[in-house]
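> Data file protein03.txt (compact mmCIF, C-alpha atoms) is appended below.
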```txt
# COMPACT_ATOMS: atom_id res chain seq x y z
CA SER A 1 -10.94 151.54 237.18
CA MET A 2 -10.48 149.97 233.78
CA THR A 3 -12.77 150.73 230.87
CA ALA A 4 -13.03 147.89 228.39
CA GLN A 5 -11.33 150.11 225.80
CA LEU A 6 -7.91 150.13 227.49
CA LYS A 7 -6.46 146.83 228.65
CA LEU A 8 -3.50 146.82 231.02
CA GLU A 9 -1.45 143.74 231.89
CA THR A 10 1.98 143.26 233.39
CA ARG A 11 4.72 140.92 232.23
CA GLY A 12 7.54 140.98 234.76
CA ASN A 13 8.79 144.58 234.94
CA ILE A 14 6.87 145.57 231.78
CA ALA A 15 3.35 146.99 231.56
CA VAL A 16 1.46 146.32 228.32
CA LEU A 17 -1.38 148.66 227.40
CA THR A 18 -3.68 147.66 224.54
CA ILE A 19 -5.99 150.19 222.89
CA SER A 20 -9.14 148.16 222.38
CA ASN A 21 -11.91 150.24 220.83
CA PRO A 22 -12.90 148.54 217.57
CA PRO A 23 -13.04 149.05 214.71
CA ALA A 24 -10.34 151.76 214.66
CA ASN A 25 -9.13 151.96 218.29
CA THR A 26 -10.17 155.61 218.51
CA TRP A 27 -9.51 157.65 221.66
CA THR A 28 -12.44 158.84 223.75
CA GLU A 29 -12.94 161.19 226.67
CA ALA A 30 -12.91 158.14 228.95
CA THR A 31 -9.77 156.52 227.56
CA LEU A 32 -7.76 159.76 227.45
CA THR A 33 -8.66 160.41 231.08
CA GLN A 34 -7.79 156.84 231.91
CA LEU A 35 -4.43 156.99 230.14
CA LYS A 36 -3.40 159.78 232.50
CA GLU A 37 -4.45 157.69 235.50
CA ILE A 38 -2.61 154.63 234.22
CA VAL A 39 0.65 156.57 233.73
CA ALA A 40 0.32 158.01 237.25
CA GLU A 41 -0.17 154.47 238.65
CA LEU A 42 2.84 153.16 236.72
CA ASN A 43 4.97 156.09 237.89
CA ALA A 44 4.18 155.06 241.47
CA ASN A 45 4.84 151.36 240.86
CA LYS A 46 8.47 150.59 241.70
CA ASP A 47 8.32 147.20 239.96
CA ILE A 48 7.45 148.52 236.49
CA TYR A 49 10.33 149.85 234.38
CA SER A 50 8.74 150.12 230.96
CA LEU A 51 5.43 150.50 229.16
CA VAL A 52 4.52 149.00 225.79
CA ILE A 53 1.47 150.43 224.00
CA THR A 54 -0.20 148.64 221.10
CA GLY A 55 -3.52 148.43 219.28
CA GLU A 56 -5.89 145.49 219.26
CA GLY A 57 -6.51 143.61 216.03
CA GLU A 58 -4.60 143.54 212.77
CA LYS A 59 -5.55 146.80 211.13
CA PHE A 60 -5.27 149.74 213.50
CA PHE A 61 -2.86 150.95 216.16
CA SER A 62 -5.25 153.90 216.55
CA ALA A 63 -7.07 156.21 214.16
CA GLY A 64 -7.08 159.03 216.75
CA ALA A 65 -10.25 160.95 217.57
CA ASP A 66 -13.71 159.94 216.42
CA LEU A 67 -14.63 162.78 214.05
CA ASN A 68 -18.31 162.49 214.99
CA LEU A 69 -17.28 164.44 218.10
CA PHE A 70 -16.50 167.51 216.01
CA ALA A 71 -19.24 167.36 213.38
CA SER A 72 -21.47 169.86 215.18
CA GLY A 73 -18.71 172.48 215.44
CA ASP A 74 -19.26 172.81 219.20
CA VAL A 75 -16.49 174.98 220.69
CA ALA A 76 -17.02 173.59 224.20
CA VAL A 77 -16.41 170.05 222.92
CA ALA A 78 -13.31 171.25 221.03
CA SER A 79 -11.99 172.93 224.16
CA LYS A 80 -12.55 169.86 226.33
CA MET A 81 -11.15 167.34 223.85
CA SER A 82 -8.05 169.41 223.02
CA ARG A 83 -7.28 169.62 226.72
CA LEU A 84 -7.83 165.88 227.19
CA PHE A 85 -5.63 164.93 224.23
CA GLY A 86 -2.89 167.36 225.26
CA ASP A 87 -2.94 166.39 228.94
CA ALA A 88 -2.99 162.66 228.23
CA PHE A 89 -0.05 162.69 225.82
CA GLU A 90 1.99 165.20 227.85
CA THR A 91 1.52 162.86 230.81
CA LEU A 92 2.58 159.90 228.68
CA ALA A 93 5.68 161.79 227.46
CA GLY A 94 6.56 162.47 231.12
CA TYR A 95 6.32 158.79 232.12
CA ARG A 96 9.37 158.05 234.31
CA GLY A 97 10.13 154.71 232.65
CA VAL A 98 10.65 153.87 228.99
CA SER A 99 7.58 153.80 226.74
CA ILE A 100 7.54 151.88 223.47
CA ALA A 101 4.79 152.07 220.85
CA ALA A 102 4.21 148.77 219.02
CA ILE A 103 2.54 150.10 215.87
CA ASN A 104 0.53 147.19 214.49
CA GLY A 105 -1.35 149.06 211.75
CA TYR A 106 -2.68 152.51 210.92
CA ALA A 107 -1.53 155.24 213.32
CA MET A 108 -3.43 158.35 212.30
CA GLY A 109 -3.92 161.73 213.98
CA GLY A 110 -4.20 161.22 217.74
CA GLY A 111 -3.11 157.62 217.21
CA LEU A 112 0.23 158.74 215.82
CA GLU A 113 0.43 161.46 218.48
CA CYS A 114 0.21 158.74 221.13
CA ALA A 115 3.16 156.96 219.48
CA LEU A 116 5.06 160.27 219.20
CA SER A 117 4.66 160.72 222.97
CA CYS A 118 6.42 157.40 223.56
CA ASP A 119 10.21 157.11 223.79
CA LEU A 120 10.52 154.54 220.99
CA ARG A 121 8.44 153.25 218.13
CA VAL A 122 8.43 149.82 216.46
CA ALA A 123 6.22 149.50 213.37
CA GLU A 124 5.07 146.56 211.29
CA VAL A 125 5.76 146.68 207.57
CA GLN A 126 2.09 147.33 206.65
CA ALA A 127 1.69 150.25 209.11
CA VAL A 128 0.81 153.69 207.78
CA MET A 129 1.36 156.90 209.75
CA ALA A 130 -0.20 160.31 209.20
CA LEU A 131 -1.38 163.52 210.86
CA PRO A 132 -4.31 164.28 208.50
CA GLU A 133 -6.12 166.78 210.74
CA ALA A 134 -5.78 169.76 208.37
CA LYS A 135 -7.66 167.74 205.73
CA VAL A 136 -10.79 168.09 207.88
CA GLY A 137 -10.16 171.65 209.03
CA LEU A 138 -8.47 170.72 212.32
CA LEU A 139 -4.92 170.48 213.62
CA PRO A 140 -2.98 167.89 215.65
CA CYS A 141 -3.63 169.04 219.24
CA GLY A 142 -2.16 166.03 221.09
CA CYS A 143 1.32 167.61 220.99
CA GLY A 144 1.79 166.56 217.36
CA THR A 145 2.97 169.89 215.95
CA GLN A 146 5.67 169.99 218.64
CA ASN A 147 6.76 166.35 218.92
CA LEU A 148 6.91 165.39 215.24
CA PRO A 149 9.64 167.89 214.18
CA TRP A 150 11.91 166.60 216.96
CA LEU A 151 11.92 163.17 215.37
CA VAL A 152 11.78 163.83 211.64
CA GLY A 153 12.94 167.45 211.33
CA GLU A 154 10.92 170.41 210.19
CA GLY A 155 10.75 169.45 206.51
CA TRP A 156 9.09 166.08 206.99
CA ALA A 157 6.89 167.45 209.78
CA LYS A 158 5.64 170.02 207.27
CA ARG A 159 5.13 167.40 204.58
CA MET A 160 3.04 165.29 206.97
CA ILE A 161 1.10 168.08 208.68
CA LEU A 162 0.80 170.77 205.98
CA CYS A 163 0.58 168.50 202.92
CA GLY A 164 -1.19 165.63 204.69
CA GLU A 165 1.40 163.16 203.43
CA GLN A 166 0.94 159.60 204.65
CA VAL A 167 4.11 157.71 205.50
CA LYS A 168 4.49 153.98 205.11
CA ALA A 169 6.59 152.06 207.62
CA GLU A 170 9.71 151.72 205.43
CA LYS A 171 9.78 155.48 204.78
CA ALA A 172 9.06 156.09 208.48
CA LEU A 173 12.25 154.17 209.33
CA GLN A 174 14.27 156.21 206.81
CA ILE A 175 13.12 159.56 208.21
CA GLY A 176 13.48 158.62 211.89
CA LEU A 177 9.76 158.47 212.65
CA ILE A 178 10.25 154.91 213.93
CA GLU A 179 13.33 153.19 215.36
CA GLU A 180 12.56 149.65 214.21
CA LEU A 181 10.73 147.99 211.32
CA VAL A 182 9.38 144.44 211.69
CA ASP A 183 7.24 141.95 209.80
CA LYS A 184 3.47 141.86 210.13
CA GLY A 185 2.37 140.62 213.55
CA GLN A 186 5.83 141.12 215.12
CA ALA A 187 5.64 144.63 216.63
CA LEU A 188 4.52 143.64 220.11
CA GLU A 189 7.12 140.88 220.39
CA ARG A 190 9.91 143.24 219.29
CA ALA A 191 8.73 146.02 221.61
CA LEU A 192 8.72 143.56 224.52
CA ALA A 193 12.29 142.53 223.66
CA MET A 194 13.35 146.20 223.73
CA ALA A 195 11.57 146.62 227.06
CA GLU A 196 13.57 143.64 228.37
CA GLN A 197 16.76 145.51 227.37
CA VAL A 198 15.56 148.46 229.46
CA GLY A 199 15.39 146.10 232.44
CA ASN A 200 19.14 145.54 232.26
CA GLN A 201 19.68 149.21 233.07
CA SER A 202 19.22 150.79 236.47
CA PRO A 203 15.67 152.21 236.48
CA SER A 204 16.95 155.05 238.68
CA SER A 205 19.49 155.95 236.00
CA VAL A 206 16.99 155.55 233.17
CA ARG A 207 14.52 157.93 234.80
CA VAL A 208 17.07 160.73 235.13
CA CYS A 209 18.66 160.07 231.71
CA LYS A 210 15.24 160.36 230.08
CA GLN A 211 14.58 163.66 231.85
CA LEU A 212 17.94 165.00 230.69
CA ILE A 213 17.36 163.90 227.08
CA MET A 214 13.86 165.43 227.05
CA ALA A 215 15.23 168.65 228.58
CA ALA A 216 17.01 169.33 225.28
CA ARG A 217 13.61 170.17 223.80
CA SER A 218 13.07 173.12 226.10
CA ASN A 219 16.42 174.09 227.68
CA PRO A 220 19.57 175.48 226.11
CA MET A 221 22.46 173.01 226.41
CA LYS A 222 24.31 175.46 228.64
CA GLN A 223 21.58 174.97 231.23
CA SER A 224 21.43 171.16 231.01
CA LEU A 225 25.17 170.40 231.15
CA PRO A 226 25.59 171.46 234.80
CA LEU A 227 22.38 169.56 235.56
CA GLU A 228 23.86 166.42 234.00
CA ARG A 229 26.74 166.54 236.47
CA GLU A 230 24.47 167.30 239.44
CA GLU A 231 22.21 164.35 238.59
CA PHE A 232 25.24 162.06 238.29
CA VAL A 233 26.23 162.88 241.86
CA ARG A 234 22.62 162.55 243.04
CA LEU A 235 22.53 158.93 241.80
CA PHE A 236 24.96 158.14 244.61
CA ASP A 237 22.00 158.53 247.00
CA THR A 238 20.33 155.52 245.35
CA GLN A 239 20.60 151.84 246.19
CA ASP A 240 20.57 151.08 242.47
CA GLN A 241 23.91 152.87 242.03
CA LYS A 242 25.64 150.70 244.65
CA GLU A 243 23.92 147.59 243.34
CA GLY A 244 24.81 148.33 239.71
CA VAL A 245 28.52 148.92 240.29
CA ASN A 246 28.90 145.98 242.70
CA ALA A 247 26.95 143.56 240.51
CA PHE A 248 29.27 144.46 237.64
CA LEU A 249 32.42 143.99 239.75
CA GLN A 250 31.08 140.70 241.13
CA LYS A 251 30.09 139.53 237.61
CA ARG A 252 26.45 138.93 238.56
CA LYS A 253 23.09 140.24 237.36
CA ALA A 254 21.95 143.37 239.18
CA GLN A 255 18.79 143.28 241.30
CA TRP A 256 17.16 146.70 240.97
CA VAL A 257 14.90 148.29 243.58
CA ASN A 258 14.11 151.40 241.50
CA GLY A 259 15.39 153.77 244.13
```
Can I see the file as C-alpha cells?


Amino acid sequence: SMTAQLKLETRGNIAVLTISNPPANTWTEATLTQLKEIVAELNANKDIYSLVITGEGEKFFSAGADLNLFASGDVAVASKMSRLFGDAFETLAGYRGVSIAAINGYAMGGGLECALSCDLRVAEVQAVMALPEAKVGLLPCGCGTQNLPWLVGEGWAKRMILCGEQVKAEKALQIGLIEELVDKGQALERALAMAEQVGNQSPSSVRVCKQLIMAARSNPMKQSLPLEREEFVRLFDTQDQKEGVNAFLQKRKAQWVNG
C-alpha cells in the first residue's frame, strides 16, 4: 500500500519513485519499510527493467532522517531506525534491475545514502551532497561508510564523513560521486534517458552483470572469475539470450521477456 510520501509510477519498462515528504523529503519509518516492499515488488515484475528515484520539488532530493527522532537519545529508537535505514538501502542496492538516482537538490545523510545505493547518479548543477552525521554526534548507518569509498575512494570518503565536507555537483562529478551533471530541472529527464538505454540490453544479462560487478565489493577476483564464466553459460538457459543473438543477426529490435 502506498503512503503519500512515496509515489510510484511506471513509464514503459521504467519505474519512477518520487520521495514526497515536504519540506525536505526526509525518510521515515513508514517510507523506509515501504521502499523495501517496492523493491521486492519490482524484483518480481518481469516488465520493469529499471528504477529511477528522485525527490519532489526544486530544493531537496532528500535530507535523510528527521533529527527530531534522535533528540531524546532513545537507544531503542536508534536501534530500530538504524536497522530500517540499513535494510532499506541494502535491499535497494540488491535490486535486480538498474537503479538511477536523479538528484534534483540537496542529498544529505540518508538522502545521499539512498543515492549511493543506486547503480548510477545524475545530479543537477545546484545539487549539494554530504554525509554530515558526525556533526550531530551520529554516523551514516544507511550503508554510507561502506558504499561511499567504493565510488570516491577512501580519501574523499574521509573528507566527507570525517570532516563533514559538503560536495557541490561539479566536484561530485570530478571525484566520481555522480556519473552525470545536468542543468537545473533536467535530472529526471536525463535519468529516464539512461533508463531507456538499459532497455536496449537483455534484462537477464543486466541482472547477472550487476551481481558480478557488485561481487567485487566482497569477493576476491579469483573467486568471481570462474563465476563469470559459469553465469555466461547459464544465460543460455534464457529466452533473452536466443532473442538477443537472433534479433541482432536479423537486424531487428529485440523483444525481451526478462527470463

> Could you check which residues have any atom within 10 Å of (-4.1, 169.7, 217.3), counting all atoms listed in the file with coordinates taken straight from the file, and then list them as a list in words?

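Counting all atoms listed in the file, I find these residues within 10 Å of (-4.1, 169.7, 217.3): Met81, Ser82, Arg83, Phe85, Gly86, Gly109, Gly110, Glu113, Leu131, Glu133, Ala134, Leu138, Leu139, Pro140, Cys141, Gly142, Cys143, Gly144, Thr145 and Gln146 of chain A.
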
> Could you save those same residues with C-alpha atoms as a PDB file, in the frame of the given file?


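Result written to out_13.pdb:
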```pdb
ATOM      1  CA  MET A  81     -11.150 167.340 223.850  1.00  0.00           C
ATOM      2  CA  SER A  82      -8.050 169.410 223.020  1.00  0.00           C
ATOM      3  CA  ARG A  83      -7.280 169.620 226.720  1.00  0.00           C
ATOM      4  CA  PHE A  85      -5.630 164.930 224.230  1.00  0.00           C
ATOM      5  CA  GLY A  86      -2.890 167.360 225.260  1.00  0.00           C
ATOM      6  CA  GLY A 109      -3.920 161.730 213.980  1.00  0.00           C
ATOM      7  CA  GLY A 110      -4.200 161.220 217.740  1.00  0.00           C
ATOM      8  CA  GLU A 113       0.430 161.460 218.480  1.00  0.00           C
ATOM      9  CA  LEU A 131      -1.380 163.520 210.860  1.00  0.00           C
ATOM     10  CA  GLU A 133      -6.120 166.780 210.740  1.00  0.00           C
ATOM     11  CA  ALA A 134      -5.780 169.760 208.370  1.00  0.00           C
ATOM     12  CA  LEU A 138      -8.470 170.720 212.320  1.00  0.00           C
ATOM     13  CA  LEU A 139      -4.920 170.480 213.620  1.00  0.00           C
ATOM     14  CA  PRO A 140      -2.980 167.890 215.650  1.00  0.00           C
ATOM     15  CA  CYS A 141      -3.630 169.040 219.240  1.00  0.00           C
ATOM     16  CA  GLY A 142      -2.160 166.030 221.090  1.00  0.00           C
ATOM     17  CA  CYS A 143       1.320 167.610 220.990  1.00  0.00           C
ATOM     18  CA  GLY A 144       1.790 166.560 217.360  1.00  0.00           C
ATOM     19  CA  THR A 145       2.970 169.890 215.950  1.00  0.00           C
ATOM     20  CA  GLN A 146       5.670 169.990 218.640  1.00  0.00           C
TER      21      GLN A 146
END
```

> Counting only C-alpha atoms, give me one row per residue of stretch 167-216 of chain A with an atom at most 12 Å from an atom of stretch 225-242 of chain A, showing the shortest contact pair and its distance in Å to one decimal, sorted by chain then residue number, as CSV.


```
residue,atom,partner,partner_atom,distance
A:Asn200,CA,A:Asp240,CA,11.7
A:Gln201,CA,A:Asp240,CA,9.6
A:Ser202,CA,A:Asp240,CA,6.2
A:Pro203,CA,A:Asp240,CA,7.8
A:Ser204,CA,A:Asp240,CA,6.6
A:Ser205,CA,A:Leu235,CA,7.2
A:Val206,CA,A:Leu235,CA,10.8
A:Arg207,CA,A:Leu235,CA,10.7
A:Val208,CA,A:Glu231,CA,7.2
A:Cys209,CA,A:Glu228,CA,8.5
A:Lys210,CA,A:Glu228,CA,11.2
A:Gln211,CA,A:Glu228,CA,9.9
A:Leu212,CA,A:Glu228,CA,6.9
A:Ile213,CA,A:Glu228,CA,9.8
A:Ala215,CA,A:Leu227,CA,10.0
A:Ala216,CA,A:Leu225,CA,10.1
```

> Atoms to include: C-alpha atoms. Write the selected residues as a JSON list (two decimals), in the frame of the given file.


```json
[["chain", "number", "residue", "atom", "x", "y", "z"],
["A", 200, "ASN", "CA", 19.14, 145.54, 232.26],
["A", 201, "GLN", "CA", 19.68, 149.21, 233.07],
["A", 202, "SER", "CA", 19.22, 150.79, 236.47],
["A", 203, "PRO", "CA", 15.67, 152.21, 236.48],
["A", 204, "SER", "CA", 16.95, 155.05, 238.68],
["A", 205, "SER", "CA", 19.49, 155.95, 236.00],
["A", 206, "VAL", "CA", 16.99, 155.55, 233.17],
["A", 207, "ARG", "CA", 14.52, 157.93, 234.80],
["A", 208, "VAL", "CA", 17.07, 160.73, 235.13],
["A", 209, "CYS", "CA", 18.66, 160.07, 231.71],
["A", 210, "LYS", "CA", 15.24, 160.36, 230.08],
["A", 211, "GLN", "CA", 14.58, 163.66, 231.85],
["A", 212, "LEU", "CA", 17.94, 165.00, 230.69],
["A", 213, "ILE", "CA", 17.36, 163.90, 227.08],
["A", 215, "ALA", "CA", 15.23, 168.65, 228.58],
["A", 216, "ALA", "CA", 17.01, 169.33, 225.28]]
```

> What separation in Å, quoted to one decimal, exists between atom CA of A:Lys46 and atom CA of A:Tyr95?

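Going from atom CA of A:Lys46 over to atom CA of A:Tyr95, I get 12.8 Å.
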
> Dump as a list in words all residues having an atom at most 12 Å from (7.6, 168.9, 205.3), computed in the file's coordinates with only C-alpha atoms.

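Every residue inside that radius is included here: Leu131, Thr145, Leu148, Pro149, Val152, Gly153, Glu154, Gly155, Trp156, Ala157, Lys158, Arg159, Met160, Ile161, Leu162, Cys163, Gly164, Glu165, Gln166, Val167 and Ile175 of chain A.
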
> Taking all atoms listed in the file into account, name the residue in A:Ala254, A:Leu32, A:Ile14, A:Gln186 that is nearest to A:Ile100.

A:Ile14
